[in-house]
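Enquirer: Below is the file run-v8.cif, with mmCIF, C-alpha atoms.
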data_my_file
#
loop_
_atom_site.label_atom_id
_atom_site.label_comp_id
_atom_site.auth_asym_id
_atom_site.auth_seq_id
_atom_site.Cartn_x
_atom_site.Cartn_y
_atom_site.Cartn_z
CA MET A 7 30.31 152.51 121.50
CA ALA A 8 33.92 153.41 122.20
CA ASN A 9 34.83 153.71 125.83
CA LEU A 10 37.73 156.12 125.88
CA GLY A 11 39.89 156.69 128.91
CA VAL A 12 39.32 160.12 130.39
CA THR A 13 42.01 162.76 130.51
CA PRO A 14 43.32 163.07 134.07
CA SER A 15 43.24 166.22 136.17
CA GLN A 16 46.31 168.31 136.99
CA THR A 17 46.71 171.26 139.33
CA VAL A 18 45.86 174.78 138.14
CA GLY A 19 49.22 175.79 139.60
CA PRO A 20 50.02 179.20 141.06
CA PHE A 21 49.61 181.28 137.93
CA PHE A 22 46.11 180.36 136.76
CA SER A 23 44.87 183.88 137.32
CA ILE A 24 46.36 184.98 133.99
CA GLY A 25 44.18 182.44 132.18
CA LEU A 26 41.04 182.14 134.25
CA THR A 27 40.29 185.78 134.97
CA TRP A 28 37.45 187.58 133.26
CA PRO A 29 36.55 191.20 133.94
CA ASP A 30 32.99 190.17 134.82
CA GLY A 31 33.88 186.74 136.18
CA ALA A 32 32.53 187.35 139.66
CA ASP A 33 29.32 188.97 138.42
CA ILE A 34 26.81 186.22 137.82
CA VAL A 35 24.33 189.10 137.61
CA PRO A 36 25.14 192.74 136.80
CA GLU A 37 25.37 195.43 139.44
CA ASN A 38 21.94 196.87 138.70
CA GLU A 39 20.09 193.59 139.16
CA SER A 40 17.45 193.77 141.83
CA ASP A 41 17.85 191.15 144.56
CA ARG A 42 21.57 191.01 143.90
CA ILE A 43 23.52 189.55 146.80
CA THR A 44 27.20 189.07 147.50
CA ILE A 45 28.56 185.75 148.69
CA HIS A 46 32.04 186.10 150.08
CA GLY A 47 34.40 184.08 152.19
CA SER A 48 37.91 182.79 152.70
CA VAL A 49 39.67 179.70 151.47
CA ILE A 50 41.80 178.33 154.30
CA ASP A 51 44.36 175.54 154.52
CA GLY A 52 44.95 172.91 157.19
CA ALA A 53 47.42 175.13 159.05
CA GLY A 54 44.75 177.82 159.32
CA ALA A 55 46.46 180.00 156.73
CA PRO A 56 44.46 181.79 154.05
CA ILE A 57 45.11 180.52 150.52
CA PRO A 58 45.94 183.43 148.19
CA ASP A 59 46.13 181.33 145.03
CA ALA A 60 42.80 179.53 144.87
CA VAL A 61 39.93 180.07 142.48
CA VAL A 62 36.31 179.49 143.49
CA GLU A 63 33.61 178.78 140.90
CA PHE A 64 29.83 178.80 141.38
CA TRP A 65 27.23 177.00 139.28
CA GLN A 66 23.64 177.67 140.24
CA ALA A 67 20.03 177.90 139.13
CA ASP A 68 18.22 181.21 138.77
CA ALA A 69 15.79 182.57 141.34
CA GLN A 70 13.09 180.26 139.93
CA GLY A 71 15.32 177.20 140.20
CA ARG A 72 16.01 176.93 136.45
CA TYR A 73 19.38 176.08 134.91
CA PRO A 74 20.34 177.81 131.64
CA HIS A 75 21.13 174.50 129.96
CA PRO A 76 19.47 172.29 127.32
CA ASP A 77 19.11 169.40 129.79
CA ASP A 78 16.81 171.54 131.91
CA PRO A 79 13.66 171.84 129.77
CA ARG A 80 12.66 174.91 131.76
CA GLY A 81 16.06 176.52 131.13
CA GLY A 82 15.18 178.02 127.77
CA GLU A 83 13.15 180.58 129.65
CA THR A 84 16.14 182.04 131.47
CA THR A 85 18.98 184.23 130.22
CA PHE A 86 20.77 183.79 133.54
CA ARG A 87 24.47 182.89 133.19
CA GLY A 88 24.51 180.74 136.31
CA PHE A 89 28.29 180.67 136.45
CA GLY A 90 30.76 182.84 138.32
CA ARG A 91 34.37 182.60 139.32
CA CYS A 92 36.67 184.56 141.56
CA GLY A 93 40.32 184.09 142.42
CA THR A 94 41.23 184.62 146.06
CA ASP A 95 43.12 187.78 146.99
CA ASP A 96 46.27 188.14 149.07
CA VAL A 97 44.34 187.29 152.24
CA GLY A 98 42.52 184.33 150.75
CA GLN A 99 39.17 186.02 150.16
CA TYR A 100 36.74 185.75 147.28
CA ALA A 101 33.43 187.47 146.55
CA ILE A 102 30.81 186.55 143.93
CA HIS A 103 27.77 188.65 143.11
CA THR A 104 24.61 186.76 142.29
CA VAL A 105 20.99 186.14 143.18
CA LYS A 106 19.79 183.46 145.53
CA PRO A 107 18.82 180.34 143.55
CA GLY A 108 15.37 178.82 143.83
CA PRO A 109 14.70 175.21 144.77
CA VAL A 110 15.69 172.69 142.09
CA PRO A 111 14.06 169.36 141.20
CA GLY A 112 15.87 166.40 142.69
CA LEU A 113 15.57 162.70 142.01
CA ASN A 114 12.42 160.63 142.39
CA GLY A 115 10.12 163.56 142.82
CA ALA A 116 12.05 165.13 145.69
CA MET A 117 12.96 168.81 145.67
CA GLN A 118 16.43 170.05 146.48
CA ALA A 119 16.86 173.00 148.80
CA PRO A 120 18.27 176.15 147.17
CA HIS A 121 21.97 175.53 146.73
CA ILE A 122 25.04 176.47 144.74
CA ALA A 123 27.51 173.91 143.35
CA VAL A 124 30.99 175.14 144.27
CA SER A 125 34.33 174.15 142.71
CA VAL A 126 37.69 174.99 144.25
CA PHE A 127 40.98 174.89 142.39
CA ALA A 128 44.38 175.87 143.82
CA ARG A 129 48.08 175.36 143.70
CA GLY A 130 48.60 172.22 145.75
CA LEU A 131 45.26 170.75 144.66
CA LEU A 132 45.85 168.10 142.03
CA ALA A 133 42.15 167.90 141.21
CA ARG A 134 39.10 170.08 141.67
CA LEU A 135 37.32 170.00 145.01
CA CYS A 136 33.52 170.16 144.91
CA THR A 137 31.21 171.26 147.65
CA ARG A 138 27.73 172.77 147.95
CA LEU A 139 26.55 175.99 149.53
CA TYR A 140 23.15 175.99 151.24
CA PHE A 141 21.28 178.89 152.86
CA PRO A 142 20.78 179.30 156.63
CA GLU A 143 17.16 180.55 156.49
CA GLU A 144 16.01 177.45 154.55
CA GLU A 145 15.84 175.20 157.57
CA ALA A 146 12.86 173.13 156.46
CA ALA A 147 14.07 172.74 152.87
CA ASN A 148 17.58 171.90 154.05
CA ALA A 149 16.22 169.22 156.37
CA ALA A 150 14.45 167.61 153.41
CA ASP A 151 17.30 168.06 150.93
CA PRO A 152 18.33 164.67 149.52
CA VAL A 153 22.06 165.47 149.45
CA LEU A 154 22.24 167.06 152.90
CA SER A 155 20.19 164.30 154.43
CA SER A 156 22.32 161.55 152.89
CA LEU A 157 25.60 162.72 154.40
CA PRO A 158 27.39 160.01 156.36
CA GLU A 159 27.11 159.91 160.13
CA GLY A 160 29.34 162.52 161.71
CA ALA A 161 29.86 164.60 158.54
CA ALA A 162 30.14 168.30 159.31
CA SER A 163 26.97 169.34 157.50
CA ASP A 164 27.20 172.80 159.08
CA THR A 165 30.21 173.50 156.84
CA LEU A 166 27.78 173.48 153.89
CA ILE A 167 25.51 176.19 155.31
CA ALA A 168 26.49 179.79 154.58
CA ALA A 169 26.14 182.46 157.28
CA LYS A 170 24.00 185.56 156.77
CA SER A 171 26.04 188.72 156.29
CA GLU A 172 25.20 192.36 155.73
CA ASP A 173 25.01 192.21 151.94
CA GLY A 174 24.39 188.52 151.47
CA TYR A 175 26.18 185.51 152.87
CA ARG A 176 29.55 184.37 154.10
CA PHE A 177 30.85 180.96 153.05
CA ASP A 178 34.34 179.97 154.18
CA ILE A 179 35.96 176.92 152.67
CA HIS A 180 38.42 174.95 154.81
CA LEU A 181 40.41 172.49 152.71
CA GLN A 182 41.66 170.67 155.81
CA GLY A 183 41.71 170.88 159.59
CA GLU A 184 39.27 171.11 162.46
CA HIS A 185 36.64 172.92 160.36
CA GLU A 186 37.27 170.94 157.18
CA THR A 187 34.47 171.52 154.68
CA VAL A 188 32.52 168.51 153.44
CA PHE A 189 33.63 167.82 149.86
CA PHE A 190 31.87 165.65 147.32
CA ALA A 191 33.05 163.13 144.75
CA VAL A 192 30.94 164.55 141.94
CA MET B 12 19.00 158.27 124.65
CA THR B 13 16.54 161.09 124.10
CA ASP B 14 17.52 164.47 122.75
CA THR B 15 16.90 166.21 126.02
CA GLN B 16 18.37 163.35 128.07
CA TRP B 17 15.74 164.34 130.58
CA GLN B 18 12.60 162.55 131.42
CA GLN B 19 9.75 162.99 133.74
CA SER B 20 8.56 159.64 134.97
CA GLU B 21 5.75 158.94 137.35
CA SER B 22 8.21 159.12 140.20
CA GLY B 23 9.64 162.49 139.14
CA LEU B 24 12.72 163.79 137.41
CA VAL B 25 15.19 161.20 136.15
CA VAL B 26 18.55 162.31 134.85
CA PRO B 27 21.30 160.01 133.58
CA GLY B 28 24.44 160.85 135.56
CA TYR B 29 28.04 160.86 134.42
CA ARG B 30 30.36 157.90 134.85
CA ARG B 31 32.85 158.25 137.67
CA ASP B 32 35.75 156.71 135.76
CA ASN B 33 37.82 159.83 136.44
CA ALA B 34 38.30 158.53 139.98
CA ALA B 35 40.58 155.77 138.69
CA VAL B 36 42.93 158.12 136.85
CA ASP B 37 42.87 161.43 138.71
CA PRO B 38 45.80 162.11 141.04
CA PRO B 39 45.39 161.55 144.78
CA LEU B 40 44.83 164.82 146.63
CA ASP B 41 47.37 163.77 149.27
CA TRP B 42 50.59 163.42 147.29
CA ALA B 43 53.64 164.05 149.43
CA ALA B 44 56.01 164.36 146.46
CA TYR B 45 54.19 167.61 145.60
CA ARG B 46 54.79 169.47 148.81
CA SER B 47 52.02 172.05 148.47
CA THR B 48 49.42 169.30 148.86
CA GLU B 49 50.37 168.87 152.55
CA PHE B 50 47.93 171.37 154.05
CA ARG B 51 45.59 171.58 151.10
CA HIS B 52 44.19 168.06 150.82
CA PRO B 53 40.99 167.16 152.70
CA THR B 54 41.49 164.36 155.21
CA HIS B 55 37.89 163.12 155.17
CA SER B 56 36.59 160.91 152.38
CA LEU B 57 34.81 162.67 149.56
CA VAL B 58 31.07 162.07 149.82
CA GLU B 59 29.34 160.52 146.82
CA PHE B 60 25.69 161.05 145.87
CA PRO B 61 23.65 160.36 142.74
CA HIS B 62 23.96 163.14 140.17
CA THR B 63 21.06 165.56 140.08
CA LEU B 64 20.05 168.25 137.62
CA THR B 65 22.74 170.43 139.25
CA GLU B 66 25.57 168.09 138.26
CA VAL B 67 24.34 167.14 134.78
CA THR B 68 23.93 170.75 133.73
CA GLY B 69 26.77 173.25 133.53
CA PRO B 70 27.70 176.63 132.17
CA VAL B 71 27.32 177.11 128.43
CA LEU B 72 29.96 179.75 127.84
CA GLY B 73 31.74 181.16 124.87
CA GLU B 74 29.25 183.20 122.89
CA GLY B 75 30.25 186.80 123.39
CA ARG B 76 33.21 185.94 125.59
CA LEU B 77 35.74 185.66 122.78
CA LYS B 78 37.68 188.26 120.89
CA GLU B 79 38.80 187.56 117.34
CA LEU B 80 42.45 186.78 118.17
CA ASP B 81 41.94 184.98 121.47
CA TYR B 82 42.96 181.71 119.81
CA ASP B 83 46.23 183.14 118.48
CA LEU B 84 48.70 183.88 121.28
CA THR B 85 51.26 185.12 118.75
CA ARG B 86 49.12 188.02 117.56
CA GLN B 87 47.90 189.64 120.76
CA HIS B 88 50.60 192.34 120.93
CA ALA B 89 52.34 194.83 118.65
CA GLY B 90 55.18 192.44 117.90
CA GLU B 91 55.64 188.69 117.67
CA PRO B 92 56.68 186.73 120.76
CA ILE B 93 60.07 185.06 120.84
CA GLY B 94 59.94 181.29 120.55
CA GLN B 95 59.15 178.30 118.38
CA ARG B 96 55.79 178.93 116.75
CA ILE B 97 53.36 175.99 117.10
CA ASN B 98 49.92 175.08 115.80
CA LEU B 99 47.99 173.20 118.44
CA HIS B 100 44.74 171.43 117.73
CA GLY B 101 42.54 168.58 118.82
CA ARG B 102 39.05 167.65 119.86
CA VAL B 103 37.04 167.63 123.04
CA LEU B 104 35.26 164.27 123.32
CA ASP B 105 33.27 162.50 125.96
CA GLY B 106 34.17 159.03 127.17
CA ASP B 107 31.96 157.47 124.49
CA GLY B 108 33.87 159.25 121.74
CA ARG B 109 31.16 161.81 121.08
CA PRO B 110 32.48 165.25 120.16
CA ILE B 111 31.51 168.05 122.55
CA PRO B 112 30.62 171.07 120.42
CA ASP B 113 30.36 174.74 121.42
CA THR B 114 32.30 174.39 124.65
CA LEU B 115 34.80 176.91 125.95
CA VAL B 116 38.50 175.95 126.06
CA GLU B 117 40.81 178.19 128.09
CA ILE B 118 44.61 177.91 128.10
CA TRP B 119 47.51 179.64 129.82
CA GLN B 120 51.25 179.02 129.64
CA ALA B 121 54.77 180.27 130.30
CA ASN B 122 56.73 182.08 127.61
CA ALA B 123 59.61 180.54 125.64
CA ALA B 124 62.00 181.22 128.53
CA GLY B 125 59.71 179.42 130.99
CA ARG B 126 58.32 182.50 132.73
CA TYR B 127 54.66 183.39 133.25
CA ALA B 128 53.39 186.93 132.79
CA HIS B 129 52.24 186.85 136.42
CA ARG B 130 53.35 189.18 139.21
CA VAL B 131 54.26 186.29 141.51
CA ASP B 132 56.50 184.56 138.96
CA ASN B 133 59.85 186.25 139.47
CA TRP B 134 62.54 183.71 138.71
CA PRO B 135 65.39 185.22 136.65
CA ALA B 136 64.20 184.43 133.14
CA PRO B 137 63.16 187.22 130.78
CA LEU B 138 59.59 188.36 130.33
CA ASP B 139 58.45 188.82 126.75
CA PRO B 140 56.55 192.08 126.15
CA ASN B 141 54.84 190.41 123.19
CA PHE B 142 53.53 187.40 125.06
CA THR B 143 50.81 187.18 127.68
CA GLY B 144 50.32 183.43 127.35
CA VAL B 145 46.52 183.34 127.54
CA GLY B 146 44.14 181.89 124.94
CA ARG B 147 40.49 180.97 124.57
CA CYS B 148 38.40 179.33 121.92
CA VAL B 149 35.12 177.48 121.54
CA THR B 150 34.92 174.03 119.96
CA ASP B 151 33.18 173.73 116.59
CA SER B 152 30.32 171.39 115.75
CA GLU B 153 32.77 168.46 115.63
CA GLY B 154 34.32 169.29 118.99
CA ARG B 155 37.47 170.68 117.37
CA TRP B 156 39.61 173.41 118.92
CA ARG B 157 42.74 175.18 117.72
CA PHE B 158 45.38 177.57 119.06
CA VAL B 159 48.47 179.21 117.61
CA THR B 160 51.14 179.84 120.21
CA ILE B 161 54.83 179.34 120.97
CA MET B 162 56.52 176.40 122.65
CA PRO B 163 56.58 177.11 126.40
CA GLY B 164 59.88 176.73 128.23
CA ALA B 165 60.55 174.48 131.21
CA TYR B 166 60.91 176.28 134.53
CA PRO B 167 62.21 175.65 138.05
CA TRP B 168 59.65 175.56 140.84
CA GLY B 169 61.39 174.98 144.16
CA ASN B 170 59.48 171.85 145.15
CA HIS B 171 62.78 170.00 145.69
CA HIS B 172 66.39 170.37 144.64
CA ASN B 173 66.69 171.04 140.90
CA ALA B 174 62.94 170.71 140.39
CA TRP B 175 61.94 171.64 136.82
CA ARG B 176 58.46 171.39 135.35
CA PRO B 177 58.29 169.74 131.92
CA ARG B 178 57.05 172.09 129.21
CA HIS B 179 53.28 172.26 129.48
CA ILE B 180 50.19 174.28 128.67
CA HIS B 181 47.34 174.55 131.18
CA PHE B 182 43.88 173.68 129.84
CA SER B 183 40.49 174.46 131.38
CA LEU B 184 37.43 172.61 130.04
CA PHE B 185 33.74 172.81 130.84
CA GLY B 186 32.16 170.13 128.68
CA ARG B 187 28.42 170.40 129.02
CA ALA B 188 27.96 169.51 132.69
CA PHE B 189 29.29 170.49 136.10
CA ALA B 190 30.36 166.84 136.42
CA GLN B 191 32.60 167.18 133.34
CA ARG B 192 34.57 170.23 134.47
CA LEU B 193 38.29 169.59 134.07
CA VAL B 194 41.49 171.57 134.58
CA THR B 195 44.58 169.77 133.37
CA GLN B 196 47.92 170.25 131.64
CA MET B 197 49.03 169.26 128.15
CA TYR B 198 52.60 168.07 127.77
CA PHE B 199 54.89 167.63 124.76
CA PRO B 200 56.18 164.26 123.53
CA GLY B 201 59.52 162.93 124.71
CA ASP B 202 60.19 165.47 127.46
CA PRO B 203 63.26 164.37 129.47
CA LEU B 204 61.81 165.97 132.62
CA PHE B 205 58.80 163.63 132.88
CA SER B 206 60.49 161.06 135.09
CA GLU B 207 61.35 163.53 137.85
CA ASP B 208 58.14 165.60 137.85
CA PRO B 209 55.84 164.84 140.80
CA ILE B 210 52.87 166.63 139.21
CA PHE B 211 53.00 164.62 135.97
CA ASN B 212 53.62 161.44 137.97
CA SER B 213 50.77 162.12 140.37
CA VAL B 214 48.71 160.34 137.71
CA ARG B 215 49.77 156.85 138.65
CA ASP B 216 48.48 154.94 135.64
CA GLU B 217 50.95 155.13 132.78
CA ARG B 218 48.30 154.96 130.06
CA ALA B 219 46.45 157.81 131.74
CA ARG B 220 49.68 159.84 131.94
CA ASP B 221 50.17 159.26 128.22
CA ARG B 222 46.77 160.83 127.59
CA MET B 223 48.18 164.15 128.82
CA ILE B 224 50.92 164.14 126.16
CA SER B 225 50.28 165.73 122.79
CA ALA B 226 51.50 164.12 119.56
CA PHE B 227 53.69 165.76 116.97
CA ASP B 228 51.53 166.30 113.90
CA TRP B 229 52.85 166.60 110.35
CA ASP B 230 49.40 167.49 109.03
CA THR B 231 49.35 170.84 110.80
CA THR B 232 53.09 171.47 110.56
CA GLU B 233 53.37 174.34 108.11
CA ASP B 234 56.29 174.70 105.71
CA SER B 235 58.60 177.56 106.72
CA TRP B 236 56.20 178.59 109.48
CA ALA B 237 55.22 176.39 112.44
CA LEU B 238 55.34 172.92 114.02
CA GLY B 239 52.06 171.13 114.65
CA PHE B 240 50.88 169.21 117.71
CA ARG B 241 47.61 167.35 118.24
CA TRP B 242 45.86 166.53 121.51
CA ASP B 243 42.41 165.09 122.12
CA ILE B 244 40.82 165.76 125.50
CA VAL B 245 38.39 163.17 126.86
CA LEU B 246 35.82 164.24 129.44
CA ARG B 247 33.60 161.86 131.35
CA GLY B 248 30.91 159.96 129.49
CA ARG B 249 27.32 159.59 130.45
CA GLU B 250 25.76 156.64 132.20
CA GLU B 251 23.22 154.80 130.13
CA THR B 252 19.73 156.06 130.49
CA LEU B 253 17.33 153.82 132.29
CA PHE B 254 14.87 154.33 129.47
CA GLU B 255 16.96 152.88 126.65
CA GLU B 256 15.02 150.15 124.88
CA PRO B 257 16.62 146.71 125.24
CA HIS B 258 18.46 145.66 122.09
CA GLU B 259 16.55 142.98 120.27
#
As structure tokens, please, write out the structure in this file.
Expert:
Amino acid sequence: MANLGVTPSQTVGPFFSIGLTWPDGADIVPENESDRITIHGSVIDGAGAPIPDAVVEFWQADAQGRYPHPDDPRGGETTFRGFGRCGTDDVGQYAIHTVKPGPVPGLNGAMQAPHIAVSVFARGLLARLCTRLYFPEEEAANAADPVLSSLPEGAASDTLIAAKSEDGYRFDIHLQGEHETVFFAV
Amino acid sequence: MTDTQWQQSESGLVVPGYRRDNAAVDPPLDWAAYRSTEFRHPTHSLVEFPHTLTEVTGPVLGEGRLKELDYDLTRQHAGEPIGQRINLHGRVLDGDGRPIPDTLVEIWQANAAGRYAHRVDNWPAPLDPNFTGVGRCVTDSEGRWRFVTIMPGAYPWGNHHNAWRPRHIHFSLFGRAFAQRLVTQMYFPGDPLFSEDPIFNSVRDERARDRMISAFDWDTTEDSWALGFRWDIVLRGREETLFEEPHE
């Protein structure tokens, strides 16, 4: 079979918000959904400055750990969108409204702790950055999570754990610097 | 490969991952020639792990998200935008040449004068009241997409003295998996600004750079109406499944 070269990545640039904004982009679930939570945070650069021209995207399973996708045979049972996006505001903040995902099957019979796959795009980022958001109250599941437990020695795994907040969770993303978030080569 | 590409073996869930051949062509995150990367590139190595169900699934968007004229950027306002009308088309494929059907394609671009309809873009070029510069469509069963728009202008961007971006259109692709997500830019053939553009040249492999350049296309050039350009987008292909029968 043909092996075609992939198309390379380029930055979203500073003006992506005209093209990547949807009215309901940040609402993975509607306002009236029970168990709706808000996950908010800041995107911060290596000088400690908030980044006002980043966009954060979430991809996640529903509360039962099912992905709305044909490769998840359980996914036909969910109408969940699973995807949300939010551009950062003038002070570098984003907020996405969703429900907490359930645990998801991992490889070789393992289970993955509840998590959200996070993408970050920005001016000054020539390719997408990927990270994962985990939940602070899932201590046992996090300890057994195959991705969290395979991080290299010294990796700042705490940067992948959101903090509880009044209406959900806070998850700051540091692209660089002392608190640099762990990013993945997906 | 099975239809579901998903199997439950005795040892649990097995999912073929996506090839990581993007790593060889994607730009480095630390690229001094593009000054904004200075404080925005991570300094630690990116951590690799085997793809799980999370990475091999991804948002299936499009249905219900599109309005009738989202693909035609020349018919979204009361009047026609100023500029050279162009028909743009191509396919979304994976690295094995398989078309990716029913996947959302999002684009945004500057107007013919090189200015974006964005509050932060305020260089002294005219805005066009008849051009927003935003389009969306969903690929058909053969992975084909199509837009009608106008040729974007080049614009200055302050990265260095006399810095001008080559004409380009931003593209956002989802494919069918989180691992295939791609945001890139499509360029036009023969642009004299290529050689001095640090963003274009952040892709260090020349053949890979060429894959970002559309081709002039007589087949979709319309008499007395519009020029045509064609561009195929290639997203990552899938690793072979462990369950494929050996070829006899």
Enquirer: Any chance you could resolve the PyMOL selection byres ((chain B) within 7 of (chain A)) against this file and give the residues as JSON, numbers by chain?
Expert: {"B": [15, 16, 17, 22, 23, 24, 25, 33, 36, 37, 38, 40, 47, 48, 50, 51, 52, 53, 54, 57, 58, 59, 60, 63, 64, 68, 69, 70, 71, 106, 107, 108, 117, 118, 119, 129, 145, 190, 193, 194, 195, 196, 219, 222, 223, 244, 245, 246, 247]}
Enquirer: Which one of A:Arg138, A:His46, A:Arg80, A:His103 sits closest to Ile167 in chain A if you count all atoms listed in the file?
Expert: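 Using all atoms listed in the file, the shortest distance to Ile167 in chain A belongs to A:Arg138.
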Enquirer: With only C-alpha atoms as the atoms that count, which of A:Gly160, A:Pro120, A:Ala150, A:Leu139 lies nearest to Pro107 in chain A?
Expert: A:Pro120
Enquirer: For a test of reading the model, state the distance in Å between CA of Pro140 in chain B and CA of Asn98 in chain B, rounded to one decimal.
Expert: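 It comes out at 21.0 Å.
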Enquirer: Applying the PyMOL selection byres ((chain B and resi 115) around 7) to the file I just gave you, which residues come out? Please list them as a list of chain:residue names.
Expert: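 On the file shown, the PyMOL selection byres ((chain B and resi 115) around 7) covers B:Leu72, B:Gly73, B:Asp113, B:Thr114, B:Val116, B:Glu117, B:Cys148, B:Val149, B:Thr150, B:Leu184, B:Phe185.
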Enquirer: Taking all atoms listed in the file into account, name the residue in B:Pro112, B:Gly94, B:Pro177, B:Gly186 that is nearest to Trp236 in chain B.
Expert: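 Looking only at the distances to Trp236 in chain B, the closest residue turns out to be B:Gly94.
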Enquirer: Using only C-alpha atoms, which protein or nucleic acid residues come within 10 Å of Ala89 in chain B? Drop anything in the same chain fewer than 4 positions from it, and give the result as JSON, numbers by chain.
Expert: {"B": [85, 140, 141, 142]}
Enquirer: What is the distance between CA of Lys106 in chain A and CA of Arg147 in chain B, in Å to one decimal?
Expert: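 That distance, rounded to one decimal, is 29.6 Å.
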Enquirer: Taking the file as shown, what set of residues would the PyMOL selection byres ((chain A and resi 61) around 6) give back, as a short mmCIF file (atom, residue, chain, number, x, y, z; two decimals) with C-alpha atoms, in the coordinates of the input?
Expert:
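Result went into selection_39.cif, see below:
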data_model
loop_
_atom_site.label_atom_id
_atom_site.label_comp_id
_atom_site.auth_asym_id
_atom_site.auth_seq_id
_atom_site.Cartn_x
_atom_site.Cartn_y
_atom_site.Cartn_z
CA ALA A 60 42.80 179.53 144.87
CA VAL A 62 36.31 179.49 143.49
CA CYS A 92 36.67 184.56 141.56
CA GLY A 93 40.32 184.09 142.42
CA THR A 94 41.23 184.62 146.06
CA VAL A 126 37.69 174.99 144.25
CA PHE A 127 40.98 174.89 142.39
#
Enquirer: Separation of CA of Thr44 in chain A and CA of Tyr175 in chain A, in Å?
Expert: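 We find that CA of Thr44 in chain A and CA of Tyr175 in chain A lie 6.5 Å from each other.
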Enquirer: Which of these, A:Thr165, A:Thr85, A:Ser171, A:Ser155, has the shortest distance to Ile34 in chain A once you count all atoms listed in the file?
Expert: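 The closest residue to Ile34 in chain A is A:Thr85.
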Enquirer: When you look at Phe227 in chain B with a cut-off of 7 Å (counting all atoms listed in the file), what residues show up, excluding the ones that are within fewer than 5 positions of it in the same chain? I need them as a list in words.
Expert: Gly239, Phe240 and Arg241 of chain B
Enquirer: Excluding same-chain residues fewer than 5 positions from Trp134 in chain B, what lies within 9 Å of it counting only C-alpha atoms, as a PyMOL selection string?
Expert: chain B and resi 126+166-168
